[in-house]
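S.K.: Okay, here's the structure, questions in a sec.
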Amino acid sequence: MQESLNLKLNRTSVENPWFVFGGSYAGALSAWFRLKFPHLTCGSLASSAVVLAIHNFTEFDQQIGESAGAECKATLQETTQLVEERLASNKQAVKTLFDAAELEIDGDFLYFLADAAVIAFQYGNPDIVCSTLVKAKNNGDDLVEAYAKYVKEYYLGTFGSTVQTYNQKYLKDTSLNKHTGDRLWWFQVCTEVAYFQVAPSNDSIRSSKVDARHALNYLPYTNMLLQVSLDSPYAFCAEFIMLFSCVTSLYMIVGCVCCRYHLDLCKNVFGEGIYPEVDVTNIYYGGTNISGSKIVFANGSQDPWRHASKQTSSPDMPSFLISCHNCGHCTDIRGCPQTPLSLEGNARNCSSPEAVEKVRHQIIEKMDLWLSECRAELRRESIQQDRKRRQQEEAMEMMKLAFMSTFLFFLLFSTSHAYLAPRTLLYSFSRSSTNSNRSLTTKELWFNQTLDHYSPVDHHKFQQRYYEFLDYFRMPDGPIFLKICGESSCDGIANDYIGVLAKKFGAAVVSLEHRYYGKSSPFKSTTTQNLRYLSSKQALFDLAVFRQYYQANLDWLRLSFYFESLNLKLNRTGVENPWFVFGVSYSGALSAWFRLKFPHLTCGSLASSAVVLAVYNYTEFDQQIGESAGAECKAALQETTQLVEERLASNKKAVKTLFDAAELEIDGDFLYFLADAAAIAFQYGNPDKLCSPLVQAKKDGEDLVEAYAKYVTEYYVGSFGVSIRTYDQRHLKDTTLNENTGDRLWWFQVCTEVAYFQVAPANDSIRSSQVDTRYHLDLCKKVFGEGTYPEVDKTNIYYGGTNIAGSRIVFTNGSQDPWRHASKKISSPDMPSFVMSCHNCGHGTDMRGCPQSPFNIEGNARNCGSPDAVEKVRHQIIEKMDLWLSECHASDV
């Protein structure tokens with residue numbers, strides 16, 4: 001829409017400030033949109049926003065009773081009792097009285113009657129129902145008949161509701177028509193949010209047959225199911241285990257409390273296994289603990305839905321209550337009554353117009369502030385982008401001149417936009433390190449994880465490996481450090497700098513293996529179809545669910561047999577520790593994205609060398625390699641690449657054999673292998689291992705290709721431990737589970753989400769330009785099938801790229817790391833970005849020290865080109881952690 005508007009107004013690159021509005025469920029969406037996509041909006045108004053998913057919403061009827069007042073409430077209760085008695089003696093007659101004979105199920109009829117009363121209070125017309133019933137009671141008239149008259153004349157007449165909306169037979173109708181919305185909304189109710197309006201156990205207005213009894217045949221908490229794999233022959237036991245546990249455990253019975261009428265409706269209308277996982281919804285959005293920013297919440301005092309909204313206030317998330325006799329649902333937007341529509345939300349018919357206008361004035365003040373802040377930020381970004389664009393244009397002009405004068409012969413070969421993706425994993429342990437002190441723990445623990453967090457109907461689970469280290473934990477309120485595992489097997493918690501931080505802050509450390517990698521595979525094979533649940537979005541949700549259940553004190557967790565939360569382990573209840581998240585490289589991006597998407601679950605994050613920008617033409621990668629190498633080494637690398645290309649053309653078998661890489665039949669695979677071999681020296685803080693022998697060979701007049709082959713075979717394949725088959729597309733097609741499965745898994749993520757394609761710059765490139773766009777697109781297609789390619793624009797819309805707009809995230813990068821250009825480099829007080837500048841400061845230097853491979857115990861920085869530069873950034877990290885954790889403690893997050 002922003003691009004469309006720019007085209008319509010004949011302008012380019014203009015970014016307008018956006019503000020989001022919504023009421024009721026759309027009000028929740030408004031709050032959630034600002035929460036999840038803060039880089040796309042300046043703020044939101046969440047009017048009567050039902051942000052809390054809830055099973056037993058007893059507060060709903062309690063508010064109706066409070067809004068009605070004692071006399072009207074008593075009359076409503078008496079009417080309900082009389083209806084129940086007549087239903088028992090002559091249900092056809094009483095249903096016919098309400099023009100609702102079609103509602104064969106008593107629960108549907110009673111729900112219809114309850115809603116008819118609710119609507120009067122919800123939408124600012126309380127006197128319509130109360131005056132009618134109280135007058136009838138005072139006159140000794142039949143209350144049921146009086147209520148029926150109100151229902152038919154107002155609820156079905158003026159208000160425009162229909163009886164069939166409450167008919168489960170009608171809700172089963174799958175054809176598209178003007179009333180389809182009834183079925184659609186019930187589907188969302190039955191799968192996500194519930195909002196089950198049930199009778200309170202005491203002093204209820206609605207019939208208790210719209211009930212809240214134990215429903216043992218439903219179990220929202222399916223995380224306790226003992227499944228080992230979706231391919232397991234024992235999967236049929238799941239239903240039996242669920243039923244057995246629910247029936248035999250007092251703990252589980254507490255977890256099974258739910259609305260029988262509502263759950264029966266969900267199953268009857270949509271099928272077996274349909275129920276609202278409200279815990280999951282609230283984990284995802286935060287419920288009333290939502291932790292976003294620049295969101296205004298507004299509620300009417302008489303609205304029963306306000307108890308599912310956020311009613312506590314803070315400067316950046318104010319919550320305003322409009323108090324008056326007929327201030328109901330979305331009064332701030334709709335005025336009074338809320339239905340029928342008042343033009344421009346006129347408030348003159350509100351019993352207290354001043355109360356409405358006061359809140360509207362407060363909303364305007366917040367909007368004015370946030371929009372002005374947004375405009376200022378957009379101006380700063382525009383200036384920075386213009387400056388960057390000018391610099392790029394100037395650099396391009398200079399390169400063009402140099403290129404035309406020196407490399408004119410190669411002009412025809414430089415115009416293709418080559419896509420080149422990282423074949424090796426971004427960040428992993430060096431295989432050469434065997435010191436037992438390199439891990440804080442290697443003891444495997446297991447958690448039963450949801451396979452597809454975004455499916456409303458698929459409740460399959462898989463076992464996910466995790467680790468915990470409690471030796472430094474300061475009970476009871478010490479922080480918990482969540483160290484995110486990335487794109488490789490997670491075999492323990494590394495004793496890098498996180499061990500130092502854990503000791504300093506008295507923290508427990510837990511680490512969850514990334515889904516599919518290592519031993520956390522949901523399937524027995526990695527076919528493309530089986531990889532459909534492998535994504536950063538699913539991985540982040542894994543972390544959120546794990547974090548909540550690890551912290552939880554729910555007694556029913558004891559029935560999982562293998563999982564015990566921290567609170568249960570320490571024999572305590574109701575304790576919420578502050579959490580801080582850590583990650584490096586791809587897991588560094590996950591760390592930043594976790595704080596962005598789940599701010600209510602963490603006090604902050606360290607995003608070390610975090611590749612938050614999905615990018616196709618990643619030319620900056622090779623440009624950084626050239627800059628890190630220096631002129632002499634860069635020239636030697638470029639000459640080596642040219643010589644290899646010439647020998648490939650004349651005798652490819654010989655040159656591949658020289659590198660012990662004859663198995664790489666595809667030239668693109670071989671050339672990519674050679675480019676990665678050079679990049680890794682700079683990426684992981686070992687530039688001299690490459691540059692020193694290559695520059696010396698050039699000075700001595702030796703064969704550069706042979707000198708490079710010696711470095712590749714001895715260091716890259718030998719000491720560093722890379723397998724040549726990692727670059728073989730035939731290996732990447734292998735769908736069996738083995739120790740090298742991670743290669744295929746990471747390429748799937750590259751080919752579907754992030755790209756990070758390291759392409760040769762148009763000029764002055766180090767790597768071969770023969771590995772072009774077609775090579776990469778062909779690789780994705782050949783390995784995973786037709787239609788597989790990375791939609792980087794969607795990834796960057798979802799997370800924000802380098803325009804990520806979260807809070808309490810520390811970004812760190814090493815000056816020589818080619819990946820730093822996919823990280824956030826612009827700093828702000830709430831999202832500082834630090835660069836460690838030294839000769840061998842590479843990928844994850846703040847956590848790993850120097851070099852970054854082989855592994856350094858506690859991330860020792862003494863071998864860094866400038867230890868002081870590393871320690872300075874570490875000190876800044878500690879300062880931010882100390883501040884954010886103390887703020888978190890103070891707010892009792």
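Following the order of the structure tokens, first chain is A, next is B, and so on, with residues numbered from 1 inside each chain and ligands from 1 in the order they appear.
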With only C-alpha atoms as the counted atoms, please give the residues lying no more than 7 Å from region 841-849 of chain A, apart from itself and same-chain residues fewer than 5 positions off, as a PyMOL selection string.

M.R.: chain A and resi 496-498+584+608-609+682-685+813-817+836+856+859-861+864+870+874

S.K.: Export, as a PDB file, in the first residue's frame, the selected residues with C-alpha atoms.

M.R.:
ATOM      1  CA  ASP A 496      32.222 -19.659  26.208  1.00  0.00           C
ATOM      2  CA  TYR A 497      31.702 -16.156  27.583  1.00  0.00           C
ATOM      3  CA  ILE A 498      28.183 -17.069  28.698  1.00  0.00           C
ATOM      4  CA  VAL A 584      25.345 -15.939  17.739  1.00  0.00           C
ATOM      5  CA  SER A 608      25.954 -11.479  18.541  1.00  0.00           C
ATOM      6  CA  SER A 609      26.889 -11.285  14.843  1.00  0.00           C
ATOM      7  CA  PHE A 682      38.540 -14.002   8.121  1.00  0.00           C
ATOM      8  CA  GLN A 683      35.165 -15.016   9.521  1.00  0.00           C
ATOM      9  CA  TYR A 684      36.678 -16.969  12.400  1.00  0.00           C
ATOM     10  CA  GLY A 685      39.712 -14.849  13.276  1.00  0.00           C
ATOM     11  CA  ASN A 813      29.880  -7.528  15.538  1.00  0.00           C
ATOM     12  CA  GLY A 814      33.549  -8.087  14.791  1.00  0.00           C
ATOM     13  CA  SER A 815      35.190  -5.626  12.420  1.00  0.00           C
ATOM     14  CA  GLN A 816      36.606  -8.362  10.146  1.00  0.00           C
ATOM     15  CA  ASP A 817      33.446 -10.452   9.993  1.00  0.00           C
ATOM     16  CA  MET A 836      34.890  -4.820  18.115  1.00  0.00           C
ATOM     17  CA  ASN A 856      38.446 -20.766  23.571  1.00  0.00           C
ATOM     18  CA  GLY A 859      35.747 -16.869  25.262  1.00  0.00           C
ATOM     19  CA  ASN A 860      39.249 -15.784  26.298  1.00  0.00           C
ATOM     20  CA  ALA A 861      40.179 -12.580  24.458  1.00  0.00           C
ATOM     21  CA  CYS A 864      42.641 -10.879  19.970  1.00  0.00           C
ATOM     22  CA  VAL A 870      36.768  -6.791  23.032  1.00  0.00           C
ATOM     23  CA  ARG A 874      31.853  -6.844  26.894  1.00  0.00           C
TER      24      ARG A 874
END

S.K.: Which of region 710-753 of chain A counts as alpha helix (DSSP H) under DSSP, as number ranges by chain please?

M.R.: A: 710-711, 729-732, 741-749

S.K.: Output all heavy atoms of each residue in that selection to a file, as a tab-separated table (two decimals), in the first residue's frame.

M.R.:
chain	number	residue	atom	x	y	z
A	710	LYS	N	47.36	-26.20	-0.53
A	710	LYS	CA	47.97	-26.65	0.73
A	710	LYS	C	47.20	-26.07	1.92
A	710	LYS	O	46.90	-26.77	2.90
A	710	LYS	CB	49.43	-26.21	0.78
A	710	LYS	CG	50.23	-26.74	1.98
A	710	LYS	CD	51.72	-26.36	1.81
A	710	LYS	CE	52.56	-27.01	2.91
A	710	LYS	NZ	52.28	-26.49	4.24
A	711	TYR	N	46.85	-24.77	1.84
A	711	TYR	CA	46.06	-24.14	2.92
A	711	TYR	C	44.69	-24.82	3.06
A	711	TYR	O	44.25	-25.14	4.17
A	711	TYR	CB	45.87	-22.65	2.62
A	711	TYR	CG	44.67	-22.05	3.31
A	711	TYR	CD1	44.71	-21.69	4.67
A	711	TYR	CD2	43.47	-21.87	2.62
A	711	TYR	CE1	43.59	-21.16	5.30
A	711	TYR	CE2	42.35	-21.34	3.25
A	711	TYR	CZ	42.41	-20.99	4.59
A	711	TYR	OH	41.30	-20.48	5.21
A	729	GLN	N	26.20	-31.39	-4.31
A	729	GLN	CA	24.74	-31.37	-4.41
A	729	GLN	C	24.14	-32.77	-4.30
A	729	GLN	O	23.01	-32.91	-3.84
A	729	GLN	CB	24.31	-30.72	-5.73
A	729	GLN	CG	24.55	-29.22	-5.76
A	729	GLN	CD	24.01	-28.56	-7.01
A	729	GLN	OE1	22.93	-28.88	-7.46
A	729	GLN	NE2	24.77	-27.62	-7.55
A	730	ARG	N	24.90	-33.78	-4.68
A	730	ARG	CA	24.39	-35.15	-4.52
A	730	ARG	C	24.21	-35.47	-3.04
A	730	ARG	O	23.24	-36.13	-2.65
A	730	ARG	CB	25.34	-36.15	-5.17
A	730	ARG	CG	25.42	-36.05	-6.69
A	730	ARG	CD	26.50	-36.95	-7.24
A	730	ARG	NE	27.81	-36.64	-6.68
A	730	ARG	CZ	28.93	-37.32	-6.97
A	730	ARG	NH1	28.89	-38.36	-7.78
A	730	ARG	NH2	30.09	-36.96	-6.44
A	731	HIS	N	25.12	-34.99	-2.22
A	731	HIS	CA	25.01	-35.18	-0.77
A	731	HIS	C	23.82	-34.40	-0.21
A	731	HIS	O	23.09	-34.89	0.65
A	731	HIS	CB	26.31	-34.73	-0.10
A	731	HIS	CG	26.18	-34.43	1.36
A	731	HIS	ND1	25.85	-35.36	2.30
A	731	HIS	CD2	26.33	-33.24	2.04
A	731	HIS	CE1	25.80	-34.81	3.50
A	731	HIS	NE2	26.09	-33.52	3.37
A	732	LEU	N	23.60	-33.19	-0.72
A	732	LEU	CA	22.51	-32.37	-0.23
A	732	LEU	C	21.15	-32.97	-0.56
A	732	LEU	O	20.15	-32.65	0.09
A	732	LEU	CB	22.60	-30.96	-0.80
A	732	LEU	CG	23.81	-30.13	-0.36
A	732	LEU	CD1	23.83	-28.78	-1.06
A	732	LEU	CD2	23.82	-29.94	1.15
A	741	THR	N	23.34	-34.38	8.30
A	741	THR	CA	22.03	-33.92	7.84
A	741	THR	C	21.90	-32.41	7.93
A	741	THR	O	21.16	-31.79	7.16
A	741	THR	CB	20.92	-34.59	8.68
A	741	THR	OG1	20.98	-36.00	8.48
A	741	THR	CG2	19.54	-34.09	8.27
A	742	GLY	N	22.61	-31.79	8.86
A	742	GLY	CA	22.53	-30.34	9.04
A	742	GLY	C	22.83	-29.56	7.77
A	742	GLY	O	22.29	-28.46	7.58
A	743	ASP	N	23.68	-30.11	6.88
A	743	ASP	CA	23.98	-29.42	5.62
A	743	ASP	C	22.71	-29.22	4.81
A	743	ASP	O	22.43	-28.12	4.32
A	743	ASP	CB	24.98	-30.24	4.80
A	743	ASP	CG	26.30	-30.43	5.53
A	743	ASP	OD1	26.64	-29.58	6.37
A	743	ASP	OD2	26.97	-31.44	5.27
A	744	ARG	N	21.93	-30.27	4.66
A	744	ARG	CA	20.68	-30.19	3.89
A	744	ARG	C	19.67	-29.29	4.60
A	744	ARG	O	18.98	-28.49	3.94
A	744	ARG	CB	20.11	-31.59	3.69
A	744	ARG	CG	18.76	-31.61	2.99
A	744	ARG	CD	18.27	-33.05	2.73
A	744	ARG	NE	16.89	-33.07	2.31
A	744	ARG	CZ	16.46	-32.87	1.05
A	744	ARG	NH1	17.35	-32.62	0.11
A	744	ARG	NH2	15.18	-32.91	0.75
A	745	LEU	N	19.59	-29.40	5.91
A	745	LEU	CA	18.62	-28.61	6.66
A	745	LEU	C	18.89	-27.12	6.51
A	745	LEU	O	17.97	-26.31	6.29
A	745	LEU	CB	18.65	-28.99	8.14
A	745	LEU	CG	18.33	-30.45	8.48
A	745	LEU	CD1	18.45	-30.67	9.98
A	745	LEU	CD2	16.93	-30.81	8.01
A	746	TRP	N	20.17	-26.73	6.65
A	746	TRP	CA	20.48	-25.31	6.55
A	746	TRP	C	20.24	-24.80	5.13
A	746	TRP	O	19.72	-23.70	4.95
A	746	TRP	CB	21.92	-25.04	6.97
A	746	TRP	CG	22.31	-23.60	6.83
A	746	TRP	CD1	23.31	-23.08	6.10
A	746	TRP	CD2	21.64	-22.48	7.45
A	746	TRP	NE1	23.34	-21.71	6.21
A	746	TRP	CE2	22.33	-21.32	7.03
A	746	TRP	CE3	20.56	-22.36	8.31
A	746	TRP	CZ2	21.95	-20.04	7.45
A	746	TRP	CZ3	20.17	-21.08	8.72
A	746	TRP	CH2	20.87	-19.95	8.29
A	747	TRP	N	20.57	-25.61	4.14
A	747	TRP	CA	20.30	-25.17	2.77
A	747	TRP	C	18.80	-25.00	2.54
A	747	TRP	O	18.38	-24.13	1.78
A	747	TRP	CB	20.88	-26.15	1.76
A	747	TRP	CG	22.17	-25.64	1.20
A	747	TRP	CD1	23.42	-26.09	1.47
A	747	TRP	CD2	22.32	-24.56	0.28
A	747	TRP	NE1	24.35	-25.35	0.79
A	747	TRP	CE2	23.70	-24.40	0.05
A	747	TRP	CE3	21.43	-23.70	-0.34
A	747	TRP	CZ2	24.20	-23.42	-0.80
A	747	TRP	CZ3	21.94	-22.71	-1.20
A	747	TRP	CH2	23.31	-22.59	-1.42
A	748	PHE	N	17.98	-25.80	3.20
A	748	PHE	CA	16.54	-25.62	3.06
A	748	PHE	C	16.12	-24.26	3.60
A	748	PHE	O	15.32	-23.56	2.99
A	748	PHE	CB	15.78	-26.73	3.80
A	748	PHE	CG	14.28	-26.62	3.68
A	748	PHE	CD1	13.63	-27.02	2.53
A	748	PHE	CD2	13.53	-26.08	4.72
A	748	PHE	CE1	12.25	-26.90	2.40
A	748	PHE	CE2	12.15	-25.95	4.61
A	748	PHE	CZ	11.51	-26.37	3.45
A	749	GLN	N	16.68	-23.87	4.73
A	749	GLN	CA	16.35	-22.55	5.28
A	749	GLN	C	16.87	-21.43	4.39
A	749	GLN	O	16.22	-20.40	4.21
A	749	GLN	CB	16.89	-22.42	6.71
A	749	GLN	CG	16.21	-23.33	7.70
A	749	GLN	CD	16.56	-23.00	9.14
A	749	GLN	OE1	17.35	-23.67	9.77
A	749	GLN	NE2	15.93	-21.96	9.67

S.K.: Leaving out Ala544 (chain A) and any residue of its chain fewer than 6 positions from it, which residues lie within 9 Å of it when counting only C-alpha atoms, given as a list in words?

M.R.: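 What passes the distance filter is Ile283, Tyr284, Phe594, Phe598 and Leu601 of chain A.
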
S.K.: Which residues, written as a PyMOL selection string, have at least one atom at most 7 Å from region 106-118 of chain A, with only C-alpha atoms counted and residues fewer than 6 positions away on the same chain left out?

M.R.: chain A and resi 64+129+151+155+166-167+206-207+209-210+261

S.K.: I'd like the neighbourhood of Gly499 (chain A) as a ChimeraX atom specification, where a residue qualifies if any of its atoms comes within 12 Å (using only C-alpha atoms), though same-chain residues fewer than 4 positions away should be ignored.

M.R.: /A:437-441,469-473,481,483,493-495,503-510,582,847-848,856-860

S.K.: I need the residues from that last selection saved to file as a compact mmCIF listing (two decimals), in the first residue's frame (with N, CA, C and O atoms), if you can.

M.R.:
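Ended up saving to part_23.txt:
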# COMPACT_ATOMS: atom_id res chain seq x y z
N ASN A 437 36.55 -29.10 29.35
CA ASN A 437 36.02 -27.89 29.96
C ASN A 437 35.29 -26.99 28.98
O ASN A 437 34.80 -25.93 29.35
N ARG A 438 35.19 -27.40 27.73
CA ARG A 438 34.56 -26.56 26.72
C ARG A 438 33.05 -26.50 26.89
O ARG A 438 32.40 -25.65 26.31
N SER A 439 32.46 -27.39 27.68
CA SER A 439 31.01 -27.41 27.89
C SER A 439 30.67 -27.24 29.36
O SER A 439 31.33 -27.83 30.23
N LEU A 440 29.65 -26.44 29.65
CA LEU A 440 29.13 -26.34 31.01
C LEU A 440 28.38 -27.61 31.37
O LEU A 440 28.41 -28.06 32.52
N THR A 441 27.71 -28.19 30.39
CA THR A 441 27.03 -29.47 30.58
C THR A 441 26.77 -30.11 29.23
O THR A 441 26.62 -29.41 28.22
N PHE A 469 21.98 -25.83 33.10
CA PHE A 469 23.16 -25.71 33.97
C PHE A 469 22.79 -24.78 35.11
O PHE A 469 22.50 -23.60 34.92
N LEU A 470 22.77 -25.34 36.34
CA LEU A 470 22.28 -24.60 37.50
C LEU A 470 23.35 -24.30 38.53
O LEU A 470 23.05 -23.76 39.60
N ASP A 471 24.61 -24.62 38.23
CA ASP A 471 25.67 -24.48 39.23
C ASP A 471 25.84 -23.05 39.74
O ASP A 471 26.21 -22.83 40.89
N TYR A 472 25.60 -22.07 38.88
CA TYR A 472 25.80 -20.67 39.27
C TYR A 472 24.49 -19.99 39.68
O TYR A 472 24.49 -18.79 40.00
N PHE A 473 23.39 -20.72 39.68
CA PHE A 473 22.08 -20.11 39.86
C PHE A 473 21.88 -19.59 41.28
O PHE A 473 22.07 -20.31 42.25
N PHE A 481 19.31 -17.58 31.75
CA PHE A 481 19.87 -17.28 30.44
C PHE A 481 19.44 -18.38 29.47
O PHE A 481 19.72 -19.56 29.70
N LYS A 483 20.17 -19.77 26.05
CA LYS A 483 21.14 -19.75 24.96
C LYS A 483 20.56 -20.53 23.79
O LYS A 483 20.29 -21.72 23.88
N ILE A 493 25.93 -27.15 26.41
CA ILE A 493 26.03 -25.70 26.57
C ILE A 493 27.51 -25.34 26.61
O ILE A 493 28.23 -25.74 27.53
N ALA A 494 27.97 -24.64 25.58
CA ALA A 494 29.39 -24.32 25.46
C ALA A 494 29.84 -23.41 26.60
O ALA A 494 29.12 -22.50 27.00
N ASN A 495 31.03 -23.67 27.08
CA ASN A 495 31.62 -22.84 28.14
C ASN A 495 32.37 -21.68 27.51
O ASN A 495 33.58 -21.52 27.67
N LYS A 503 28.08 -16.72 35.85
CA LYS A 503 28.69 -16.65 37.18
C LYS A 503 28.53 -15.24 37.76
O LYS A 503 28.22 -15.08 38.94
N LYS A 504 28.70 -14.24 36.92
CA LYS A 504 28.60 -12.86 37.39
C LYS A 504 27.18 -12.52 37.84
O LYS A 504 26.99 -11.87 38.87
N PHE A 505 26.17 -12.97 37.08
CA PHE A 505 24.79 -12.59 37.37
C PHE A 505 24.04 -13.64 38.19
O PHE A 505 22.86 -13.44 38.50
N GLY A 506 24.71 -14.73 38.57
CA GLY A 506 24.05 -15.78 39.33
C GLY A 506 22.92 -16.42 38.54
O GLY A 506 21.81 -16.64 39.07
N ALA A 507 23.17 -16.74 37.29
CA ALA A 507 22.13 -17.19 36.38
C ALA A 507 22.14 -18.69 36.16
O ALA A 507 23.19 -19.34 36.17
N ALA A 508 20.94 -19.23 35.95
CA ALA A 508 20.80 -20.57 35.38
C ALA A 508 20.93 -20.42 33.88
O ALA A 508 20.57 -19.39 33.30
N VAL A 509 21.46 -21.45 33.22
CA VAL A 509 21.60 -21.43 31.77
C VAL A 509 20.86 -22.62 31.19
O VAL A 509 21.07 -23.75 31.62
N VAL A 510 19.96 -22.36 30.24
CA VAL A 510 19.27 -23.43 29.54
C VAL A 510 19.47 -23.22 28.04
O VAL A 510 19.66 -22.09 27.58
N PHE A 582 20.37 -15.29 24.48
CA PHE A 582 21.67 -15.17 23.82
C PHE A 582 21.67 -15.97 22.52
O PHE A 582 21.08 -17.05 22.44
N MET A 847 31.51 -13.48 22.27
CA MET A 847 31.23 -14.72 22.98
C MET A 847 32.37 -15.71 22.90
O MET A 847 32.59 -16.50 23.82
N ARG A 848 33.13 -15.68 21.81
CA ARG A 848 34.14 -16.72 21.57
C ARG A 848 35.58 -16.26 21.75
O ARG A 848 36.49 -17.09 21.77
N ASN A 856 37.74 -21.33 22.43
CA ASN A 856 38.45 -20.77 23.57
C ASN A 856 37.59 -20.91 24.83
O ASN A 856 36.44 -20.46 24.84
N ILE A 857 38.13 -21.50 25.86
CA ILE A 857 37.40 -21.60 27.12
C ILE A 857 37.03 -20.21 27.62
O ILE A 857 37.86 -19.31 27.67
N GLU A 858 35.76 -20.05 28.00
CA GLU A 858 35.22 -18.77 28.51
C GLU A 858 35.44 -17.60 27.56
O GLU A 858 35.46 -16.44 27.96
N GLY A 859 35.61 -17.92 26.26
CA GLY A 859 35.75 -16.87 25.26
C GLY A 859 36.95 -15.98 25.50
O GLY A 859 36.89 -14.77 25.26
N ASN A 860 38.06 -16.56 25.95
CA ASN A 860 39.25 -15.78 26.30
C ASN A 860 39.66 -14.85 25.15
O ASN A 860 39.77 -15.27 24.01

S.K.: Any idea what's packed within 12 Å of Ser342 (chain A), counting only C-alpha atoms, ignoring anything in its chain fewer than 4 positions away? Could you give it as a VMD selection string?

M.R.: chain A and resid 123 to 124 330 to 338 346 to 350

S.K.: So how many Å separate CA of Asp99 (chain A) and CA of Gly65 (chain A), to one decimal?

M.R.: 25.8 Å

S.K.: Between region 44-120 of chain A and region 288-302 of chain A, at 12 Å or less, what are the per-residue closest atom pairs and their distances in Å? Count only C-alpha atoms, order by chain and rising residue number, and return it as CSV.

M.R.:
residue,atom,partner,partner_atom,distance
A:Ser44,CA,A:Ile295,CA,4.9
A:Leu45,CA,A:Val296,CA,4.9
A:Ala46,CA,A:Phe297,CA,4.9
A:Ser47,CA,A:Ala298,CA,4.9
A:Ser48,CA,A:Asn299,CA,4.9
A:Ala49,CA,A:Phe297,CA,7.0
A:Val50,CA,A:Thr288,CA,8.9
A:Val51,CA,A:Thr288,CA,6.3
A:Leu52,CA,A:Thr288,CA,5.6
A:Ala53,CA,A:Thr288,CA,9.1
A:Ile54,CA,A:Thr288,CA,10.8
A:Phe60,CA,A:Gln302,CA,10.5
A:Asp61,CA,A:Gln302,CA,11.4
A:Gln62,CA,A:Gln302,CA,10.9
A:Gln63,CA,A:Gln302,CA,7.1
A:Ile64,CA,A:Gln302,CA,7.6
A:Gly65,CA,A:Gln302,CA,9.9
A:Glu66,CA,A:Gln302,CA,8.1
A:Ser67,CA,A:Gln302,CA,5.5
A:Ala68,CA,A:Gln302,CA,8.8
A:Gly69,CA,A:Gln302,CA,11.0
A:Val118,CA,A:Gln302,CA,10.6
A:Ile119,CA,A:Gln302,CA,11.1
A:Ala120,CA,A:Gln302,CA,10.2

S.K.: Fewer than 2 positions away in the same chain doesn't count, so skip those; otherwise give me all residues within 6 Å of region 460-464 of chain A, counting only C-alpha atoms, as number ranges by chain.

M.R.: A: 228-229, 446-451, 458, 520, 522

S.K.: Using only C-alpha atoms, please write the residues we just selected to a file, as a short mmCIF file (atom, residue, chain, number, x, y, z; two decimals), in the first residue's frame.

M.R.:
data_model
loop_
_atom_site.label_atom_id
_atom_site.label_comp_id
_atom_site.auth_asym_id
_atom_site.auth_seq_id
_atom_site.Cartn_x
_atom_site.Cartn_y
_atom_site.Cartn_z
CA VAL A 228 8.71 -40.12 20.42
CA SER A 229 8.21 -39.33 16.73
CA TRP A 446 13.90 -33.76 26.63
CA PHE A 447 10.82 -31.65 26.03
CA ASN A 448 7.68 -32.64 24.12
CA GLN A 449 7.28 -29.89 21.55
CA THR A 450 4.42 -28.96 19.22
CA LEU A 451 5.20 -29.72 15.60
CA ASP A 458 -2.72 -30.35 14.11
CA SER A 520 15.51 -33.05 17.56
CA PRO A 522 10.38 -34.81 14.08
#

S.K.: What is the CA of Trp186 (chain A)-CA of Thr162 (chain A) distance in Å, reported with one decimal?

M.R.: 15.4 Å

S.K.: State, in Å with one decimal place, the distance from CA of Gly801 (chain A) to CA of Gly787 (chain A).

M.R.: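 Value for the CA of Gly801 (chain A)-CA of Gly787 (chain A) distance: 23.8 Å.
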
S.K.: Among region 288-341 of chain A, which ones does DSSP assign to strand (DSSP E or B) (computed from the backbone)? Answer as a PyMOL selection string.

M.R.: chain A and resi 295-300+314+317+319-322
